[in-house]
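Colleague: There's a structure below that I have some questions on.
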Amino acid sequence: MLHNKSFVKKTKGGKVMKQVREHYLRDDIYCGAPSCTVCDSSGARLSSSASTILVVDTNVVLNQIDLLENSAIDDVVVLSIVLEEVKNKNMSVYNRLRAICSNSNRKFFVFSNEYHRDTYVKEMSGETKNDRNDRAIRVATQWYQKHLGGAVKVLLVTNDKENKRKASEEGICAETVESYVKSLDRPDLLDLLVRPSSEDAEMADVEDHRPSKRKVIYSEHKPMSEITSGLHRGIYHQGKLRVNRYNPFEAYVGSESIGDEIIIYGRSNMNRAFDGDIVAVELLPEDQWQGEKSLSIVGEEDEDEDEDVHLAPNSADDAPRTTPQQGSTGVINAGSSRPSGRIVGIIKRNWHSYCGSLEPMPMPGGSRGVAYALFVSKDRRFPKIRIQTRQLENLLDKRIMVSVDSWDRQSRYPSGHYVRTIGDIGDRDTESEVVLIENDINSRPFSAQVLACLPPLPWSVSSEDLSIPFRQDLRHLRVFSVDPPGCKDIDDALHCYALPNGNFEVGVHIADVTNFVFPGTPLDDEASQRGTSVYLVERRIDMLPKPLTEDVCSLRSDVERLAFSVIWVPSADYWEFIFSKKISTLAFCIWVHTHRFALALFMYVQEMTPEADIISTRYTKSVIKSAAALSYVEAQARMDDSRLMDPVTTDLRNMNSLAKKMRLRRIERGALTLASAEVKFQIDTETHDPLDIGMYQIREANQMVEEFMLAANVSVAQQILKSFPLCSLLRRHPTPTKEMLEPLLRVSAAIGLNLDVSSSKALADSLDLAVGGDPYFNKLIRILATRCMSQAVYFCSGDLSPPEYHHYGLATPLYTHFTSPIRRYADVIVHRLLAASIGISKLPSVFQDRLQLTSIADNLNYRHRNAQMAGRASVELHTLIYFRKRPTDTEARIVKIRSNGFFVFVPKYGIEGPVYLTTRAEKGSGEWYVDEQEQKIKKMDGSFSYSILQTVQIHMEVVEPQPNRPKLQLTLI
Amino acid sequence: MRGIQLQLSQTQKLRLHKALEQLESLSSKVNSDASVTIADSIPVNHEDGVLKGHGTADLDGEVVATLCGVVERVNKLVYVRALRSRYKPEVGDIVIGRVVEVAQKRWRLDINYSQNAYLMLSAMNMPDGVQRRRTALDELNMRCIFEEADVICAEVRGFQHDGLHLQARSKKYGKLSTGQLITVTPYLVKRQKQHFHHLEDYGIDLILGCNGFIWVGEHVEARDDMIEDQVNQSDPQVLSLEEQEKNYTSLETRKYICRAANAVRVLSTLGFIITLEIIKGVIDLSLSANIDIHDMLGSEFCVLVAEKEAERRSSNKKRR
Amino acid sequence: MEYVSPEGLRLDGRRPMEMRQIRAEIGAVSKADGSAVFEMGNTKVIAAVYGPREVQNRSQQLSDKALVRCEYNMANFSTGDRMRKPKGDRRSTEISLVIRQTLEECILTHLMPRSQIDIYVQVLQADGGTRSACINAATLALADAGIPMRDLVTSCSAGYLNSTPLLDLNYVEDSAGGPDVTVGILPKLDKVTLLQMDSKLPIDILENVIQLATEGCKAIANYIREILLENTKELEYRRGS
């Protein structure tokens, strides 16, 4: 192996520093063509029959990544210098390119030209870095040409005119992307092309009939240097732009420099920024701050954006943001308004592909030609995108994906290009896929590498499994599971024994997923990426492959399965167990010398009495055999049927009484009983169309199982935190701030209800006292309260201080997720932590890297949230499908008052939507006014008024204001 | 190329390289496995019995070198002769040292050994040449004989409990003056019968100390006289004109001293063995090539010496 | 940060198991008893050995063995940013100690009682792995000084980044903050005399990383041995007889 050496000198910004780096040039880098006789072809990726090999330039990758992702483009050599440049310019494109290169179906080969002896080029004096890199690309292309001889044509694809010219001079075949794609004779590929900016002039001609649009619409972005200095001087503020999900003209920038959120109103203030972009904001003068504007339902400006009917949000994170409103409408109180600003520059773009459809438009005359169309994203946070297409007639009624390329000051909308078609609009499968794409959910089948990690099937408990010393044989126990009907991924089971002394031994058995998913395997990586299973109305996207989810791990009845058990036992022979265990853990303790408390671990003893006090907790891996897999309904029915006296039923009753006591104690501690409007569909087995829709009914059996799961989670949280105070994965629920509870207090004040929010206990008590005239009143208040809270999140215990571990909703100082490892990756991690903490396995290396652990926790939160959003979106979709054929009259409750109408909540279907009192045309006519104090909307003459929480009768119907755009409309009867 | 830190032109480099190559080919031991480095095992015939000498150690029955050097075998004895290292004294060696300290009844001398060597007052011939017990007065006057930083020639007497002792019981030993001390690594000086040389042609003395200290000085005919002079001299500060005349060294002699000293330096740089014959050869070479004294340390002369040495060794070999 | 590309190349073009180019030169300081320059890529270290010589501070003299002292210093110009570092800061004191202890272990100090050996190590260029380079340079210098040793000591570092064990980290890789294992071995005796690690590693991976570093040490030992043998032969034939 030859090592040559040369020096690359760099200077860094700020301090000028000479950096000397070694750069070894090698002769063992191969060309990747299997036909090559000189090179080692074991790592070859290009096809042996390739007649043309493409070498792509950086600008081609950066702009045409969608084209490269299309499988029509193959036999591409990606030079390492190109990768490097792409990485520096756009990380997401880089990741996509890397994904293509590592995809074994694609024939993309990475050639490390920078480290090859013959293709490395030294920077010449007076040559810019760009020129040098271009030259490197040409040299590498030339090398390929020479290396492969005449048999294969090597084509340099570049859009850089200068580079192309020089390449031709040097005798290299070079073409632009456009001409290359044209030569392929595939018109659909042409749509994938990004128009180079030089074609802007052409576009201007096309749009000439709208001369007014050519004027400068947006102010110019400040140059980066100015932004940097502005940020230094504190006149600009940096932050991530978050657009209001419910009002795309309102956005927030969370700025650390002023410690508050800056509100950005309107498209011109948003100045071409997208949701997720890192932007620089300039504060507007204080007199322009829009504080007290009562938000109306419809959007401002002349665009026809309006509120759709949505599922009722479940937490403050989902709900539309409202500025706290004090005083009455129209009175501008400068002191209480929030800072508003406008965006002066974009520090980092967050452009990606968006799902949506084309805005309906008449077909242009010559249908074969190139047409321009406006694309409307499904997610309303994104503006319309202008695209150019040759297949307009195909795309009009399709859901498509579009990428953004640029956004000029002169154009109202960003311009982009077509990426791919998902399917017909309104089609359930298409729309479901859109839901998945929008929420970044990976629904692809598991790869071969992942499936290779599965145990050989059919799997059953083997004698080796039983012979492992730490695995206890609990097959003799009468274990059973209680789950929703039709549940196939059963990850928890229970047992309960009355002991002679009147105590109970209760065990929670959780599927032992970590026995099959080993850290660092492709299976584990995939699960960690997916984070959670996603439950849509008609399908489930698994976190783990189906054999594991439904068979090997699932604690089905009458089969032996491996489990991780938490058993609450009274003492007796307990000490024996401890001492037999201690010997084997001794060796382990030496290994984990940093975790000295490993030995003390088994001394942790609690009492458990018929009053449901936990005495001692024991954790063990086990083998169980479930006696029955019950559904909630079945379990409930058994408990209620006083004639049944079989052992399982007795166990159920015992557990239920224990659970009730535990629940009571929990509520005494201040746990909140929150409510959400969960809906359930009955799905036609043939068509998968929803047949019926209704609120999810919660039974005692549900609460019983939940209670034991909570107890198990809390026990495990204590256990793992004790062993690993710095690297445990826990779940916390932050205490809601005063501002977050503001809407709830306003509503309760309006209806004369006194809520005490000083602590979770006080809130729980006052919620219990809130009984209104009708039975649903209390639930409604609870739903409103739930909405004010933020969501619980996973975190790494080392990142926060112990008081912050608190779980507000459950009123417990520690909480984690342990009980659903089949469908949540967090539980898998917790299983590993628990196993390590009781000394039966080593702690995987990832736990030593706190940064990595934190990023895993962040990913889990992100995936968890997305899964919830997707689930809700799926429900919304099915609601729409359901009501398409069934216009309904029903009862609804007013939950929010707006200047031209109000939001109602339909308890029966769990949906929420706007009801307009005025039509759009007469907007702002002033017929209605809002009384903030009483939360009422009144007619000017005082003849009519609607107050919050009032019951109204509404009519629900699916209308299609535009073709292919069905939406659910609510009208007052 | 170690030790030679001179700016060499391309041709000089080639010439030097060629000369050194010739030397390499002439060397008899290079091709044998005699050279070892640390931790190399030395092949021995265990049946004959082995005596492990200096620079060897036993490792699992294997004889292993602990030094870089050349393996020497004398009958059953196997030892490693180290090349570059500090001086290893042997009884009877003639060494040159520098006084570090005047202590109780003794001088401490730096002789390039791992410790300082002692020269006892009693191991000295007194300046007056009379054999007698040393008195306290003698002890007080030790500084009159040798002071700190004086260069002294002596003979290794042997090891005592407190260290290495020297003796200077002959007229030829004693303080050295009017000359230069050059230090080279000891392995370049070979132990020979004669270490004191008088180069009559140039009127200089040359003492090749076994410890690598080499003295080049003005020839002194009657050492005893000189010492007497010193003793008689009551006040060395006020020298009469006559005495100054006597201490005066002619320019020519001084030049020869420098020339000889530089010759030693060149040989030391090149790592060639230093003997009278070779030094003489180098001096002659410099004279015949008409090279200035200061140019002797230049690159050209260095190359010349190397070539000359190669020539000399090859002719020696042929003669044999 | 990606330290190993999917193509299996590191930032400087090496593969994970490859060392940087090493170069050694004996006899860089003419006044010293032994000296050497050792380079591992851009890391360049000069070492000089004085002694065995008379003990300077007589109270430290040991009657049964030699006193070994070591001084490590990093030149101000050795790194990219020229910083004036106070002499004897914690880091250099620590490295001095490490080098001294490592080398003292293999010097046959009992052969040179009542004497002192001084080892001076100066980093001329720092590009990661200075500790290892210092030990290698010091070994060469000691051998050059003709000081009897049990065995050579060679050292090499290895790290673990991007789930790959990497041999001989350079500065960029070193400052990634990952685990950095420095191993020193006696190649002939096959013993470890130095083992240091920054950061944490799971035990089974640590074994792999140590193994890799040991392989590196052995490669360095072979190179050093060659250099020494060549030097010995050259001294011998130059001297003649």
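Order determines the names: the first chain of the structure tokens is A, the second B, and so forth; residues in each chain are numbered 1 upward, and ligands are numbered 1 upward as they are shown.
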Skip Asp64 of chain C itself and residues of its chain fewer than 5 positions away, then list as number ranges by chain all residues within 9 Å of it, counting only C-alpha atoms.

Modeller: C: 109-114

Colleague: For chain A, report every residue with an atom at most 7 Å from chain C (counting only C-alpha atoms), formatted as a list of chain:residue names.

Modeller: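 Therefore, the residues near the partner are A:Met17, A:Lys18, A:Gln19, A:Glu22, A:His23, A:Tyr24, A:Leu25, A:Tyr115, A:Ser845.
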
Colleague: May I ask you to extract the residues of chain C within 8 Å of chain B, using only C-alpha atoms, and to give them as JSON, numbers by chain?

Modeller: {"C": [25, 26, 27, 28, 30, 33, 51, 52, 53, 54, 55, 112, 114, 115, 116, 143, 144, 145, 146, 147, 148, 149, 150, 151, 152, 188, 225, 228, 229, 232, 233, 234, 235, 236, 237, 238, 239, 240, 241]}

Colleague: Mind writing the picked residues with N, CA and C atoms as a short mmCIF file (atom, residue, chain, number, x, y, z; two decimals), in the first residue's frame?

Modeller:
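Listed below is the output, result_14.cif:
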```cif
data_model
loop_
_atom_site.label_atom_id
_atom_site.label_comp_id
_atom_site.auth_asym_id
_atom_site.auth_seq_id
_atom_site.Cartn_x
_atom_site.Cartn_y
_atom_site.Cartn_z
N GLU C 25 15.10 9.08 12.89
CA GLU C 25 16.47 9.45 12.57
C GLU C 25 17.23 9.47 13.88
N ILE C 26 18.39 8.83 13.84
CA ILE C 26 19.18 8.76 15.07
C ILE C 26 20.28 9.80 14.99
N GLY C 27 20.59 10.39 16.13
CA GLY C 27 21.74 11.29 16.19
C GLY C 27 21.44 12.68 15.73
N ALA C 28 20.41 13.28 16.26
CA ALA C 28 20.06 14.63 15.83
C ALA C 28 20.74 15.68 16.69
N SER C 30 24.15 16.55 18.54
CA SER C 30 25.51 16.03 18.57
C SER C 30 26.09 16.02 19.97
N ASP C 33 24.43 12.26 24.53
CA ASP C 33 24.97 10.91 24.46
C ASP C 33 24.16 10.08 23.47
N GLY C 51 23.72 10.83 29.68
CA GLY C 51 24.02 9.92 30.76
C GLY C 51 24.24 8.51 30.26
N PRO C 52 24.46 7.59 31.14
CA PRO C 52 24.49 7.80 32.60
C PRO C 52 25.62 8.73 33.02
N ARG C 53 25.31 9.66 33.86
CA ARG C 53 26.32 10.61 34.31
C ARG C 53 26.18 10.84 35.80
N GLU C 54 27.14 11.60 36.32
CA GLU C 54 27.16 11.86 37.75
C GLU C 54 25.84 12.50 38.18
N VAL C 55 25.33 12.07 39.31
CA VAL C 55 24.06 12.61 39.80
C VAL C 55 24.25 14.07 40.20
N MET C 112 23.87 0.54 36.44
CA MET C 112 24.52 1.86 36.50
C MET C 112 24.20 2.54 37.82
N ARG C 114 24.37 4.73 41.20
CA ARG C 114 24.90 6.06 41.54
C ARG C 114 25.10 6.95 40.32
N SER C 115 24.26 6.76 39.32
CA SER C 115 24.36 7.66 38.18
C SER C 115 22.95 8.13 37.81
N GLN C 116 22.92 8.98 36.84
CA GLN C 116 21.65 9.60 36.49
C GLN C 116 21.50 9.61 34.98
N ALA C 143 18.64 3.87 23.14
CA ALA C 143 19.41 2.85 22.45
C ALA C 143 20.66 3.47 21.85
N ASP C 144 20.51 4.67 21.34
CA ASP C 144 21.64 5.36 20.72
C ASP C 144 22.69 5.69 21.78
N ALA C 145 22.24 5.99 22.99
CA ALA C 145 23.17 6.34 24.05
C ALA C 145 23.88 5.13 24.61
N GLY C 146 23.54 3.95 24.10
CA GLY C 146 24.20 2.74 24.56
C GLY C 146 23.81 2.36 25.97
N ILE C 147 22.63 2.69 26.36
CA ILE C 147 22.15 2.35 27.70
C ILE C 147 21.51 0.98 27.65
N PRO C 148 21.97 0.07 28.48
CA PRO C 148 21.42 -1.29 28.40
C PRO C 148 19.94 -1.34 28.77
N MET C 149 19.18 -2.03 27.94
CA MET C 149 17.73 -2.12 28.17
C MET C 149 17.27 -3.56 28.03
N ARG C 150 16.27 -3.88 28.81
CA ARG C 150 15.64 -5.19 28.74
C ARG C 150 15.07 -5.44 27.34
N ASP C 151 14.41 -4.41 26.85
CA ASP C 151 13.74 -4.54 25.56
C ASP C 151 13.46 -3.12 25.07
N LEU C 152 13.12 -3.02 23.81
CA LEU C 152 12.67 -1.72 23.32
C LEU C 152 11.28 -1.44 23.88
N LYS C 188 9.51 -7.66 22.41
CA LYS C 188 10.13 -8.98 22.49
C LYS C 188 9.52 -9.78 23.64
N ARG C 225 13.59 -1.30 15.11
CA ARG C 225 14.66 -2.30 15.12
C ARG C 225 15.50 -2.20 13.85
N LEU C 228 17.68 0.83 14.04
CA LEU C 228 18.79 0.67 14.97
C LEU C 228 19.87 -0.23 14.39
N LEU C 229 19.44 -1.30 13.76
CA LEU C 229 20.40 -2.25 13.21
C LEU C 229 21.21 -1.58 12.11
N THR C 232 23.66 0.68 13.70
CA THR C 232 24.77 -0.04 14.32
C THR C 232 25.77 -0.49 13.25
N LYS C 233 25.23 -1.03 12.19
CA LYS C 233 26.10 -1.50 11.12
C LYS C 233 26.90 -0.35 10.54
N GLU C 234 26.22 0.77 10.39
CA GLU C 234 26.90 1.91 9.78
C GLU C 234 28.03 2.39 10.69
N LEU C 235 27.73 2.50 11.98
CA LEU C 235 28.76 2.93 12.92
C LEU C 235 29.95 1.99 12.84
N GLU C 236 29.64 0.71 12.76
CA GLU C 236 30.69 -0.28 12.81
C GLU C 236 31.57 -0.20 11.56
N TYR C 237 30.93 -0.13 10.41
CA TYR C 237 31.79 -0.14 9.22
C TYR C 237 32.50 1.18 9.03
N ARG C 238 31.91 2.24 9.48
CA ARG C 238 32.59 3.52 9.36
C ARG C 238 33.84 3.56 10.23
N ARG C 239 33.68 3.00 11.40
CA ARG C 239 34.80 3.04 12.34
C ARG C 239 35.97 2.24 11.78
N GLY C 240 35.63 1.11 11.16
CA GLY C 240 36.70 0.27 10.66
C GLY C 240 37.47 -0.33 11.81
N SER C 241 38.66 -0.84 11.53
CA SER C 241 39.43 -1.41 12.63
C SER C 241 40.91 -1.18 12.43
#
```

Colleague: Given only C-alpha atoms as the basis, pick out the residue of A:Leu658, A:Leu68, A:Ile53, A:Leu536 nearest to Ala498 of chain A.

Modeller: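 Closest to Ala498 of chain A of all the choices is A:Leu658.
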
Colleague: What residues in segment 17-201 of chain C get the DSSP label strand (DSSP E or B)? Please answer as a PyMOL selection string.

Modeller: chain C and resi 22-26+34-40+43-54+67-74+107+115-125+149+154-161+164-167+180-186+191-198

Colleague: Write out as a list of chain:residue names the residues lying within 9 Å of Val78 of chain B, counting only C-alpha atoms and excluding same-chain residues fewer than 5 positions away.

Modeller: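 Once the adjacent positions are removed, what remains is B:Ile42, B:Val44, B:Val50, B:Leu51, B:Lys52, B:Gly53, B:His54, B:Thr56, B:Val71, B:Glu72, B:Arg73.
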
Colleague: Keeping only C-alpha atoms, write those residues as a CSV table (one decimal), in the first residue's frame.

Modeller:
```csv
chain,number,residue,atom,x,y,z
B,42,ILE,CA,22.2,-14.0,20.0
B,44,VAL,CA,24.8,-19.6,20.9
B,50,VAL,CA,28.0,-20.1,27.6
B,51,LEU,CA,29.4,-17.3,29.6
B,52,LYS,CA,27.2,-14.2,29.2
B,53,GLY,CA,29.2,-11.1,29.2
B,54,HIS,CA,28.4,-7.4,29.0
B,56,THR,CA,23.6,-9.7,27.3
B,71,VAL,CA,28.6,-9.5,19.2
B,72,GLU,CA,32.1,-10.7,20.2
B,73,ARG,CA,32.9,-14.2,21.2
```

Colleague: Residues within 12 Å of Pro383 of chain A, please, as a tab-separated table (two decimals) with C-alpha atoms, in the first residue's frame. Count only C-alpha atoms; anything in the same chain fewer than 4 positions from it doesn't count.

Modeller:
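Below is the file that was written, result-v4.tsv:
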```
chain	number	residue	atom	x	y	z
A	243	VAL	CA	-45.80	28.54	11.39
A	247	ASN	CA	-53.21	30.01	10.47
A	248	PRO	CA	-50.41	30.03	7.95
A	249	PHE	CA	-50.10	33.80	8.15
A	266	GLY	CA	-48.39	38.01	7.27
A	267	ARG	CA	-46.50	36.68	4.29
A	270	MET	CA	-42.44	36.24	6.89
A	271	ASN	CA	-40.48	37.18	3.82
A	272	ARG	CA	-40.30	33.86	2.02
A	273	ALA	CA	-39.36	31.84	5.08
A	274	PHE	CA	-40.71	28.33	5.44
A	275	ASP	CA	-41.70	26.50	8.53
A	303	GLU	CA	-56.47	34.17	0.01
A	305	GLU	CA	-57.61	29.89	3.45
A	351	TRP	CA	-36.86	22.93	2.33
A	354	TYR	CA	-44.23	18.47	0.32
A	355	CYS	CA	-47.40	16.50	-0.27
A	356	GLY	CA	-50.37	18.13	-1.80
A	374	LEU	CA	-49.80	26.07	-8.56
A	375	PHE	CA	-49.31	23.38	-6.02
A	376	VAL	CA	-51.16	23.50	-2.72
A	377	SER	CA	-49.57	21.67	0.14
A	378	LYS	CA	-51.78	19.53	2.30
A	379	ASP	CA	-50.07	20.94	5.31
A	404	VAL	CA	-38.99	23.72	-3.56
A	407	TRP	CA	-38.16	31.82	-4.18
A	412	ARG	CA	-45.43	35.64	-4.91
A	413	TYR	CA	-44.92	31.91	-4.58
A	414	PRO	CA	-41.82	29.80	-4.46
A	415	SER	CA	-41.03	27.77	-7.50
A	416	GLY	CA	-40.45	24.09	-7.33
```

Colleague: To one decimal in Å, tell me the separation between atom CA of Ala176 of chain C and atom CA of Ala126 of chain C.

Modeller: 15.7 Å

Colleague: What are the DSSP alpha helix (DSSP H) residues of segment 37-226 of chain C, as a PyMOL selection string?

Modeller: chain C and resi 90-104+130-144+171-174+203-226

Colleague: Rounded to one decimal, what separation in Å do you get between atom CA of Ala811 of chain A and atom CA of Ser760 of chain A?

Modeller: 7.1 Å

Colleague: Have a look at atom CA of Arg26 of chain A and atom CA of Gly43 of chain A and let me know their distance in Å, one decimal.

Modeller: 16.4 Å

Colleague: Of the candidates A:Arg245, A:Leu79, A:Arg96, A:Gly254, which shows the shortest atom-to-atom distance to Val139 of chain A, using only C-alpha atoms?

Modeller: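 Closest to Val139 of chain A of all the choices is A:Leu79.
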
Colleague: Neighbours of Gly184 of chain C within 7 Å (only C-alpha atoms; same-chain residues fewer than 3 positions away dropped), as an NGL selection string?

Modeller: :C and (153-156 or 192-195 or 217)
